[in-house]
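Listing of protein_7.cif; format and content: mmCIF, C-alpha atoms.
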data_data
#
loop_
_atom_site.label_atom_id
_atom_site.label_comp_id
_atom_site.auth_asym_id
_atom_site.auth_seq_id
_atom_site.Cartn_x
_atom_site.Cartn_y
_atom_site.Cartn_z
CA MET A 1 26.75 31.47 31.21
CA VAL A 2 28.65 30.10 28.23
CA THR A 3 27.63 26.58 29.18
CA THR A 4 24.00 27.65 29.28
CA ILE A 5 24.23 29.20 25.83
CA ILE A 6 25.94 26.12 24.41
CA THR A 7 23.28 23.90 25.96
CA GLY A 8 20.52 26.05 24.49
CA VAL A 9 22.07 26.00 21.03
CA ALA A 10 22.49 22.22 21.26
CA ILE A 11 18.85 21.83 22.20
CA ILE A 12 17.73 24.02 19.30
CA ILE A 13 19.93 22.08 16.89
CA SER A 14 18.59 18.80 18.23
CA ILE A 15 15.01 19.96 17.82
CA GLY A 16 15.77 21.11 14.30
CA VAL A 17 17.37 17.77 13.50
CA LEU A 18 14.35 15.90 14.88
CA ILE A 19 11.98 18.08 12.87
CA GLY A 20 14.07 17.48 9.78
CA ILE A 21 14.04 13.73 10.37
CA HIS A 22 10.28 13.81 10.94
CA ILE A 23 9.68 15.71 7.70
CA GLY A 24 12.12 13.52 5.84
CA LEU A 25 10.46 10.36 7.11
CA GLY A 26 7.08 11.76 6.12
CA TYR A 27 8.22 12.29 2.53
CA LEU A 28 9.93 8.89 2.46
CA PHE A 29 6.99 6.98 3.93
CA THR A 30 4.50 8.72 1.62
CA ASP A 31 6.62 8.01 -1.44
CA LEU A 32 6.93 4.34 -0.50
CA ALA A 33 3.23 4.13 0.42
CA GLU A 34 2.20 5.47 -2.98
CA LYS A 35 4.12 2.56 -4.50
CA ASP A 36 2.70 0.06 -1.96
CA LYS A 37 6.19 -0.79 -0.71
CA TRP A 38 6.70 -1.22 3.02
CA PHE A 39 3.77 1.17 3.56
CA THR A 40 0.46 1.85 1.83
CA LEU A 41 -2.14 4.60 1.61
CA VAL A 42 -5.80 3.76 2.23
CA PRO A 43 -8.10 6.63 1.22
CA GLU A 44 -11.35 7.21 3.08
CA GLY A 45 -14.12 4.87 1.97
CA THR A 46 -11.84 2.16 0.57
CA ILE A 47 -10.57 -1.31 1.51
CA LYS A 48 -7.17 -2.70 0.57
CA THR A 49 -6.19 -6.38 0.54
CA VAL A 50 -2.81 -7.38 1.96
CA MET A 51 -1.30 -10.47 0.35
CA GLN A 52 1.60 -12.56 1.55
CA GLY A 53 3.03 -13.84 -1.66
CA ALA A 54 0.01 -15.20 -3.50
CA ASN A 55 -2.05 -15.82 -0.36
CA PHE A 56 -4.52 -13.58 1.40
CA GLN A 57 -3.35 -12.19 4.72
CA LYS A 58 -5.69 -9.40 5.88
CA PHE A 59 -7.72 -6.32 4.95
CA ILE A 60 -6.95 -2.70 5.74
CA GLU A 61 -10.12 -0.61 5.75
CA ASN A 62 -10.68 3.10 6.19
CA ILE A 63 -14.46 3.46 6.49
CA GLU A 64 -15.88 5.92 8.96
CA GLY A 65 -18.44 4.24 11.20
CA TRP A 66 -17.73 0.75 9.83
CA HIS A 67 -15.16 -1.96 10.34
CA ILE A 68 -14.46 -5.50 9.17
CA ASP A 69 -15.26 -8.28 11.63
CA ASN A 70 -12.06 -10.30 11.17
CA LYS A 71 -13.21 -13.10 13.45
CA GLY A 72 -16.98 -13.27 12.88
CA GLY A 73 -19.56 -14.46 15.36
CA SER A 74 -20.63 -10.97 16.50
CA ASN A 75 -24.25 -10.50 17.55
CA LEU A 76 -25.92 -7.54 15.84
CA THR A 77 -29.40 -6.07 16.18
CA VAL A 78 -30.55 -4.82 12.79
CA THR A 79 -33.43 -2.38 12.36
CA GLU A 80 -35.55 -3.05 9.29
CA LYS A 81 -37.06 -0.33 7.10
CA ASN A 82 -40.50 -0.89 8.60
CA GLY A 83 -39.12 -0.30 12.12
CA SER A 84 -38.93 -3.92 13.22
CA THR A 85 -35.67 -5.38 14.56
CA LYS A 86 -33.93 -8.72 14.18
CA ASN A 87 -30.79 -10.31 15.59
CA ILE A 88 -28.10 -11.65 13.28
CA VAL A 89 -24.75 -13.33 13.82
CA THR A 90 -21.96 -12.04 11.59
CA ARG A 91 -19.64 -14.22 9.58
CA LYS A 92 -15.93 -13.75 9.19
CA TYR A 93 -15.00 -10.59 7.23
CA ASP A 94 -18.48 -9.11 7.25
CA VAL A 95 -18.44 -5.30 7.25
CA ILE A 96 -20.42 -4.16 10.28
CA PRO A 97 -21.24 -0.78 11.81
CA GLY A 98 -19.21 0.36 14.79
CA GLU A 99 -15.97 1.97 15.90
CA GLY A 100 -12.75 1.17 14.15
CA GLY A 101 -12.27 1.62 10.45
CA ILE A 102 -8.45 1.57 10.54
CA SER A 103 -7.07 -1.86 11.27
CA LEU A 104 -3.34 -1.13 11.50
CA ASN A 105 -1.07 0.89 13.74
CA LYS A 106 -3.03 4.08 14.49
CA ILE A 107 0.07 5.96 15.67
CA LEU A 108 1.75 5.45 12.31
CA TYR A 109 -1.45 6.50 10.54
CA THR A 110 -2.10 9.58 12.67
CA THR A 111 1.56 10.68 12.46
CA TYR A 112 2.31 10.09 8.79
CA GLY A 113 -1.02 9.14 7.22
CA VAL A 114 0.28 5.75 6.08
CA HIS A 115 -0.26 2.11 7.04
CA TRP A 116 2.43 -0.46 7.70
CA LEU A 117 2.42 -3.11 5.01
CA GLY A 118 5.55 -5.23 5.50
CA ARG A 119 8.70 -6.20 3.68
CA PRO A 120 8.31 -6.39 -0.09
CA PRO A 121 7.94 -8.48 -2.14
CA VAL A 122 6.67 -10.88 0.51
CA LYS A 123 3.96 -8.42 1.60
CA ASN A 124 2.09 -6.66 -1.17
CA ILE A 125 -1.27 -5.11 -2.05
CA LEU A 126 -3.59 -7.11 -4.28
CA LYS A 127 -3.99 -5.56 -7.72
CA TYR A 128 -6.52 -6.80 -10.24
CA HIS A 129 -8.28 -5.75 -13.45
CA LEU A 130 -11.78 -4.40 -13.14
CA LYS A 131 -14.15 -3.56 -16.00
CA TRP A 132 -16.93 -1.11 -15.20
CA THR A 133 -19.00 1.57 -16.85
CA LYS A 134 -19.90 5.05 -15.77
CA LEU A 135 -22.57 7.44 -17.00
CA GLU A 136 -21.75 10.66 -18.77
CA GLN A 137 -24.60 13.14 -18.84
CA LYS A 138 -25.24 15.18 -22.00
CA THR A 139 -27.70 17.93 -22.86
CA LYS A 140 -29.37 17.70 -26.25
CA GLU A 141 -30.23 20.64 -28.52
CA ASP A 142 -33.86 20.53 -27.39
CA GLY A 143 -32.77 20.84 -23.74
CA SER A 144 -33.48 17.23 -22.78
CA THR A 145 -30.91 15.03 -21.02
CA SER A 146 -29.30 11.86 -22.32
CA TYR A 147 -26.68 9.50 -20.88
CA ASP A 148 -23.74 7.82 -22.56
CA LEU A 149 -22.02 4.79 -21.04
CA ILE A 150 -18.26 5.07 -20.81
CA LEU A 151 -16.43 1.74 -20.46
CA ARG A 152 -13.45 1.59 -18.10
CA ASP A 153 -10.95 -1.25 -17.90
CA ASP A 154 -8.14 -0.61 -15.48
CA SER A 155 -5.87 -2.11 -12.85
CA VAL A 156 -7.08 -1.28 -9.35
CA ASN A 157 -5.63 -1.90 -5.90
CA SER A 158 -8.64 -1.33 -3.65
CA ILE A 159 -12.39 -1.80 -3.25
CA TYR A 160 -14.75 1.13 -2.88
CA PHE A 161 -16.95 0.49 0.14
CA ASP A 162 -19.94 2.10 -1.60
CA SER A 163 -19.84 3.27 -5.20
CA PRO A 164 -22.26 3.75 -8.15
CA TYR A 165 -21.89 1.62 -11.29
CA ALA A 166 -23.75 2.12 -14.56
CA MET A 167 -25.57 -0.87 -16.05
CA GLU A 168 -27.30 -1.12 -19.42
CA PHE A 169 -29.87 -3.81 -20.19
CA LYS A 170 -30.96 -4.08 -23.82
CA ASP A 171 -33.90 -5.68 -25.61
CA ILE A 172 -35.93 -6.29 -22.44
CA ALA A 173 -39.47 -7.60 -23.04
CA VAL A 174 -42.24 -5.48 -21.49
CA GLY A 175 -46.02 -5.43 -21.74
CA GLY A 176 -47.74 -4.92 -25.06
CA ASN A 177 -45.28 -7.15 -26.95
CA LEU A 178 -42.70 -4.36 -26.93
CA ARG A 179 -38.99 -4.43 -26.13
CA MET A 180 -37.04 -1.70 -24.39
CA ASN A 181 -33.50 -0.62 -23.50
CA PHE A 182 -32.72 0.58 -19.97
CA LYS A 183 -29.84 2.43 -18.30
CA LEU A 184 -29.50 2.07 -14.53
CA LEU A 185 -27.20 3.57 -11.95
CA VAL A 186 -26.72 1.02 -9.17
CA SER A 187 -24.86 1.86 -5.95
CA ILE A 188 -23.08 -1.27 -4.70
CA ARG A 189 -21.84 -1.59 -1.14
CA THR A 190 -19.31 -4.14 0.08
CA PHE A 191 -20.86 -6.62 2.49
CA ASN A 192 -18.05 -9.18 2.74
CA PRO A 193 -14.83 -8.26 0.89
CA HIS A 194 -13.37 -11.77 1.14
CA ARG A 195 -16.41 -13.30 -0.57
CA GLN A 196 -16.40 -10.43 -3.05
CA LEU A 197 -12.78 -10.98 -4.18
CA PHE A 198 -12.10 -14.64 -3.51
CA GLU A 199 -15.43 -16.45 -3.99
CA GLN A 200 -14.66 -16.74 -7.70
CA LEU A 201 -11.60 -15.91 -9.76
CA PRO A 202 -10.41 -13.72 -11.35
CA HIS A 203 -10.75 -11.22 -8.54
CA GLY A 204 -12.38 -8.58 -10.74
CA SER A 205 -15.23 -10.87 -11.78
CA TRP A 206 -17.32 -9.78 -8.79
CA LEU A 207 -18.84 -6.82 -10.67
CA MET A 208 -19.79 -8.98 -13.64
CA ARG A 209 -21.49 -11.49 -11.32
CA ALA A 210 -23.31 -8.68 -9.52
CA THR A 211 -24.47 -7.24 -12.85
CA VAL A 212 -25.87 -10.63 -13.90
CA GLU A 213 -27.83 -10.85 -10.64
CA VAL A 214 -29.20 -7.31 -11.07
CA GLN A 215 -30.13 -7.98 -14.69
CA SER A 216 -31.97 -11.17 -13.74
CA GLY A 217 -33.94 -9.29 -11.09
CA PHE A 218 -34.68 -6.43 -13.46
CA LEU A 219 -35.94 -8.85 -16.14
CA ASN A 220 -38.43 -10.26 -13.63
CA PHE A 221 -39.49 -6.74 -12.63
CA ALA A 222 -39.95 -5.47 -16.20
CA GLY A 223 -41.95 -8.53 -17.24
CA ALA A 224 -44.08 -8.62 -14.10
CA LYS A 225 -47.55 -7.18 -13.57
CA HIS A 226 -48.65 -4.43 -11.22
CA LYS A 227 -51.96 -3.56 -9.64
CA GLU A 228 -53.76 -0.61 -11.19
CA GLU A 229 -57.13 0.19 -9.64
CA GLY A 230 -57.26 -3.34 -8.28
CA VAL A 231 -56.54 -4.97 -11.65
CA LEU A 232 -53.29 -6.73 -12.57
CA THR A 233 -51.74 -4.81 -15.47
CA GLU A 234 -48.53 -5.35 -17.44
CA HIS A 235 -45.54 -3.04 -17.15
CA THR A 236 -45.98 -1.30 -20.50
CA TYR A 237 -43.93 1.44 -22.12
CA GLU A 238 -46.57 3.99 -21.05
CA TRP A 239 -46.38 2.71 -17.48
CA PHE A 240 -42.62 3.25 -17.42
CA ARG A 241 -43.15 6.75 -18.79
CA LYS A 242 -45.81 7.84 -16.33
CA THR A 243 -44.65 6.13 -13.11
CA PRO A 244 -42.07 7.86 -10.85
CA HIS A 245 -39.41 5.20 -10.30
CA ASN A 246 -36.62 7.06 -8.47
CA LYS A 247 -38.41 7.68 -5.22
CA GLU A 248 -38.36 5.83 -1.94
CA ASP A 249 -40.49 2.69 -1.79
CA SER A 250 -41.27 2.76 -5.49
CA GLU A 251 -42.06 -0.60 -7.10
CA PHE A 252 -38.77 -0.41 -8.97
CA GLU A 253 -36.70 0.28 -5.82
CA LYS A 254 -38.41 -2.51 -3.87
CA ALA A 255 -37.73 -5.01 -6.67
CA MET A 256 -34.04 -4.09 -6.80
CA LEU A 257 -33.46 -4.08 -3.03
CA ALA A 258 -35.11 -7.50 -2.83
CA LEU A 259 -32.01 -8.85 -4.61
CA ASN A 260 -29.74 -8.13 -1.63
CA THR A 261 -30.09 -11.53 0.03
CA SER A 262 -28.91 -13.27 -3.13
CA LEU A 263 -26.17 -10.70 -3.79
CA GLN A 264 -24.77 -11.03 -0.27
CA GLU A 265 -24.56 -14.82 -0.49
CA LYS A 266 -23.23 -15.09 -4.04
CA VAL A 267 -21.08 -12.00 -4.48
CA GLY A 268 -20.55 -10.48 -1.03
CA VAL A 269 -22.14 -7.14 -1.95
CA ARG A 270 -25.54 -5.48 -1.62
CA ILE A 271 -27.44 -2.69 -3.36
CA SER A 272 -27.53 0.52 -1.32
CA GLY A 273 -29.37 2.63 -3.92
CA VAL A 274 -30.63 2.47 -7.49
CA GLU A 275 -31.84 4.91 -10.16
CA LEU A 276 -33.55 4.30 -13.49
CA LYS A 277 -31.75 6.97 -15.52
CA GLU A 278 -32.99 6.37 -19.05
CA PHE A 279 -35.19 4.04 -21.10
CA GLU A 280 -36.40 3.83 -24.68
CA LEU A 281 -38.14 1.51 -27.08
CA VAL A 282 -35.97 -0.76 -29.16
CA GLU A 283 -35.56 0.78 -32.62
CA ASP A 284 -38.23 -0.84 -34.74
CA PRO A 285 -39.69 1.15 -37.67
CA LYS A 286 -43.21 -0.21 -37.19
CA VAL A 287 -43.18 0.31 -33.45
CA ARG A 288 -41.68 3.77 -33.87
CA GLU A 289 -44.37 4.70 -36.39
CA GLN A 290 -47.14 3.46 -34.08
CA LEU A 291 -45.61 5.30 -31.15
CA GLN A 292 -45.35 8.54 -33.11
CA ALA A 293 -49.00 8.20 -34.16
CA LEU A 294 -49.97 7.63 -30.54
CA GLU A 295 -47.94 10.64 -29.43
CA LEU A 296 -49.64 12.76 -32.10
CA GLU A 297 -53.09 11.69 -30.95
CA ILE A 298 -52.20 12.43 -27.34
CA HIS A 299 -50.92 15.85 -28.39
CA LYS A 300 -54.07 16.60 -30.43
CA THR A 301 -56.27 15.56 -27.52
CA ALA A 302 -54.33 17.81 -25.15
CA VAL A 303 -54.56 20.77 -27.57
CA ALA A 304 -58.29 20.24 -28.11
CA LYS A 305 -58.87 20.00 -24.38
CA GLN A 306 -56.94 23.22 -23.81
CA ALA A 307 -58.89 24.99 -26.58
CA ALA A 308 -62.19 23.81 -25.12
CA GLU A 309 -61.20 25.04 -21.67
CA THR A 310 -60.16 28.42 -23.12
CA GLN A 311 -63.43 28.78 -25.04
CA PHE A 312 -65.38 27.84 -21.94
CA GLU A 313 -63.55 30.45 -19.87
CA GLN A 314 -64.12 33.08 -22.57
CA ALA A 315 -67.81 32.19 -22.79
CA MET A 316 -68.20 32.40 -19.04
CA GLY A 317 -66.45 35.77 -19.05
CA GLN A 318 -68.70 37.06 -21.83
CA ALA A 319 -71.80 35.76 -20.07
CA ASN A 320 -70.78 37.62 -16.93
CA ALA A 321 -70.15 40.77 -18.97
CA ASP A 322 -73.50 40.45 -20.74
CA ALA A 323 -75.25 39.98 -17.44
CA ILE A 324 -73.68 43.13 -16.05
CA ALA A 325 -74.48 45.06 -19.25
CA GLY A 326 -78.02 43.74 -19.22
CA GLN A 327 -78.52 44.92 -15.66
CA GLY A 328 -77.23 48.35 -16.65
CA LYS A 329 -79.57 48.62 -19.65
CA GLU A 330 -82.55 47.46 -17.64
CA GLU A 331 -81.89 50.10 -15.04
CA TYR A 332 -81.37 52.67 -17.82
CA TYR A 333 -84.71 51.92 -19.45
CA ARG A 334 -86.45 51.86 -16.11
CA ASN A 335 -85.26 55.39 -15.54
CA ILE A 336 -86.31 56.38 -19.05
CA GLY A 337 -89.77 54.91 -18.48
CA THR A 338 -90.21 56.91 -15.32
CA ALA A 339 -89.20 60.10 -17.10
CA LEU A 340 -91.36 59.45 -20.16
CA ASP A 341 -94.42 58.79 -18.07
CA LYS A 342 -94.14 62.43 -17.09
CA SER A 343 -93.40 63.59 -20.69
CA PRO A 344 -95.71 61.72 -23.10
CA GLY A 345 -94.63 63.73 -26.14
CA ALA A 346 -91.07 62.39 -26.09
CA LYS A 347 -91.91 58.84 -25.14
CA LEU A 348 -92.19 57.11 -28.54
CA PHE A 349 -89.14 58.77 -30.03
CA ALA A 350 -86.82 57.92 -27.16
CA VAL A 351 -87.99 54.34 -26.73
CA MET A 352 -87.88 53.46 -30.41
CA GLU A 353 -84.46 55.01 -30.82
CA LYS A 354 -83.04 52.93 -27.97
CA ILE A 355 -84.69 49.74 -29.21
CA GLU A 356 -83.31 50.27 -32.69
CA LYS A 357 -79.76 50.78 -31.45
CA SER A 358 -79.76 48.02 -28.87
CA GLY A 359 -81.51 45.19 -30.71
CA LEU A 360 -83.82 44.73 -27.74
CA ARG A 361 -87.58 44.32 -27.60
CA ALA A 362 -90.07 45.56 -25.02
CA ILE A 363 -92.48 43.13 -23.48
CA ASP A 364 -95.47 44.01 -21.28
CA ASN A 365 -94.07 47.32 -20.11
CA ILE A 366 -91.14 49.66 -20.41
CA THR A 367 -89.39 48.25 -17.37
CA THR A 368 -88.98 44.71 -18.83
CA ILE A 369 -86.14 44.59 -21.37
CA LEU A 370 -84.87 41.27 -22.82
CA ASN A 371 -82.39 40.28 -25.52
CA VAL A 372 -83.96 39.36 -28.83
CA GLY A 373 -83.48 35.63 -29.59
CA GLU A 374 -81.25 34.61 -32.45
CA ASP A 375 -84.15 32.96 -34.25
CA ASP A 376 -86.14 36.22 -34.13
CA LYS A 377 -83.48 38.31 -35.88
CA ASP A 378 -83.03 38.84 -39.58
CA PRO A 379 -79.25 38.25 -40.08
CA GLY A 380 -77.52 41.34 -41.27
CA LYS A 381 -80.41 43.67 -40.42
CA PRO A 382 -80.86 45.49 -37.10
CA VAL A 383 -84.15 45.29 -35.30
CA THR A 384 -85.86 48.60 -36.12
CA ALA A 385 -88.82 50.40 -34.65
CA PRO A 386 -92.05 50.74 -36.65
CA GLU A 387 -92.79 53.91 -38.54
CA GLU A 388 -94.49 56.49 -36.39
CA PRO A 389 -98.26 56.38 -36.97
CA ASP A 390 -100.11 59.46 -38.21
CA TYR A 391 -102.31 59.36 -35.16
CA LYS A 392 -101.41 59.90 -31.56
CA PRO A 393 -101.73 56.92 -29.20
CA LYS A 394 -102.63 57.25 -25.58
CA TYR A 395 -99.46 57.23 -23.53
CA LYS A 396 -99.84 55.68 -20.15
CA LYS A 397 -97.94 52.42 -20.65
CA PHE A 398 -97.38 50.10 -23.56
CA GLY A 399 -100.09 47.51 -23.58
CA LYS A 400 -99.80 43.82 -24.35
CA LYS A 401 -100.75 44.49 -27.97
CA PHE A 402 -97.44 46.32 -28.62
CA GLU A 403 -95.25 43.57 -30.01
CA ARG A 404 -92.28 44.40 -32.25
CA GLY A 405 -94.20 47.52 -33.40
CA ASP A 406 -96.55 45.66 -35.74
CA LYS A 407 -99.65 46.39 -33.62
CA THR A 408 -100.66 49.56 -31.75
CA GLU A 409 -103.57 50.57 -29.68
CA LYS A 410 -105.64 52.88 -31.94
CA LYS A 411 -107.64 55.80 -30.80
CA LYS A 412 -111.31 55.02 -30.48
CA ASN A 413 -113.71 57.23 -32.36
#
Full structure transcribed into structure tokens:
Amino acid sequence: MVTTIITGVAIIISIGVLIGIHIGLGYLFTDLAEKDKWFTLVPEGTIKTVMQGANFQKFIENIEGWHIDNKGGSNLTVTEKNGSTKNIVTRKYDVIPGEGGISLNKILYTTYGVHWLGRPPVKNILKYHLKWTKLEQKTKEDGSTSYDLILRDDSVNSIYFDSPYAMEFKDIAVGGNLRMNFKLLVSIRTFNPHRQLFEQLPHGSWLMRATVEVQSGFLNFAGAKHKEEGVLTEHTYEWFRKTPHNKEDSEFEKAMLALNTSLQEKVGVRISGVELKEFELVEDPKVREQLQALELEIHKTAVAKQAAETQFEQAMGQANADAIAGQGKEEYYRNIGTALDKSPGAKLFAVMEKIEKSGLRAIDNITTILNVGEDDKDPGKPVTAPEEPDYKPKYKKFGKKFERGDKTEKKKN
């Protein structure tokens, strides 16, 4: 019994010691990995470069769904955007889709989250200076959005597999003899990290070389011509304003993605996405004055068009109302005519009173009522009925001779 208890206690102590060692090793390995000594940490979506002294040894990548082809010569079937396929043969250190992503001891990684590096200082992680810019979005007082470029210059120890970089191109010639400034956000993806870091030195020059390639392509795009209603037209300031650029298959996107073949060969990267964030005319007082005048004319035209549309709608509404009112009056006088035919003594009084108040005239008979034309009216004076004659007309119907009350059918002697 005692032996059993002692054995149990010993087992518990042993387990506790093992747990303590495991936790202790975890803290130790993590601390060393953060300093890139013996071990290293490789966050998701990054690639680290292991050096042996001053020479390249290997890459450690942590990219879900991608891995580095360390030998090259793999056959891949690539599906193009239009649905067609083509076969390519990879070169050494190309990043290709597939299983993998972690190129060192997976047990060490899954247990402690670190990668084995090797004995320092012989084995170390490549560190280099990289200059890049990022966009900072701001909201102006009028509610519009603007972007400021923030320059970063720092020592880095990894490559982002896919990351956006801000680029600003100034004084670019466009159509109409104008010059413009542009701010782009370009997402750059690593295609071959060895070419990216070691094709040219210093190691951080890859982004500068990529920016030069993008700028060259953008210059060609901005200065090119596009088809508008079958006619070749320059890329003017107005075209940049009115055309949606940040959508799939836009002319801008196609021009930028067409640079990938050159970028892959020269820099080892490719463009995975691009946005035209902001553009403006180069500050020139004369150009600014002309632009403001143009904007004013466009605004005046829009206001005039809106006013004309409003007046048209109001006129149509009034016409409909007049038509309805006219129908009502016609029916009203038709009823009056029927009643007055039966009561001749009240006929003249009632009809003339209604004509005086309504500004209408009777033509042919009591059942035909029309609006008096503007040219028939005396401005400022209502149309009035004639004075009642001192003789009594025959009341059956108004004859053709009754026109505006200036002629009546007299009683024959």
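Relative to CA of Val269 in chain A, CA of Asn70 in chain A is found at 16.8 Å.
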Mind running range 74-147 of chain A against range 187-191 of chain A at 9 Å and telling me each contacting residue's nearest atom pair with the distance in Å (one decimal), counting only C-alpha atoms, chain and number ascending, as JSON lines?
{"residue": "A:Tyr93", "atom": "CA", "partner": "A:Phe191", "partner_atom": "CA", "distance": 8.5}
{"residue": "A:Asp94", "atom": "CA", "partner": "A:Phe191", "partner_atom": "CA", "distance": 5.9}
{"residue": "A:Val95", "atom": "CA", "partner": "A:Phe191", "partner_atom": "CA", "distance": 5.5}
{"residue": "A:Ile96", "atom": "CA", "partner": "A:Phe191", "partner_atom": "CA", "distance": 8.2}
Q: Report the distance between CA of Gly65 in chain A and CA of Pro97 in chain A in Å, rounded to one decimal place.
A: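 The value is 5.8 Å.
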Q: Just give me the gap between CA of Gly8 in chain A and CA of Ile21 in chain A in Å, one decimal is fine.
A: 19.8 Å
**Q.** Answer key for the PyMOL selection byres ((chain A and resi 237-243) around 10), residues as a ChimeraX atom specification
**A.** /A:174-180,222,226,233-236,244-246,250-252,276,279-281,291
Expected axis-aligned box over every listed atom of range 28-36 of chain A, 5 Å added per side, centre plus edges in Å to one decimal, as AutoDock Vina command-line options:
--center_x 6.1 --center_y 4.5 --center_z -0.3 --size_x 17.7 --size_y 18.8 --size_z 18.4
Q | Which residue of A:Trp116, A:Trp66, A:Tyr165, A:Phe59 approaches Gly98 in chain A most closely, using only C-alpha atoms | A |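 Checking each candidate against Gly98 in chain A, we get A:Trp66 as the closest.
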**Q.** Spatial neighbours of Gly268 in chain A, 7 Å, only C-alpha atoms, chain gap at least 4 places, as a count of residues only
**A.** 8
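For the file shown, the residue list from the PyMOL selection byres ((chain A and resi 129) around 7) reads Tyr128, Leu130, Lys131, Asp153, Asp154, Ser155, Val156 and Gly204 of chain A.
Residue nearest Glu64 in chain A, chosen from A:Ile159, A:Leu76, A:Ala307, A:Ile47 and counting only C-alpha atoms: A:Ile47.
With only C-alpha atoms as the atoms that count, the minimum distance from Phe169 in chain A to the choices A:Lys123, A:Lys227, A:Lys277, A:Arg152 is reached by A:Lys277.
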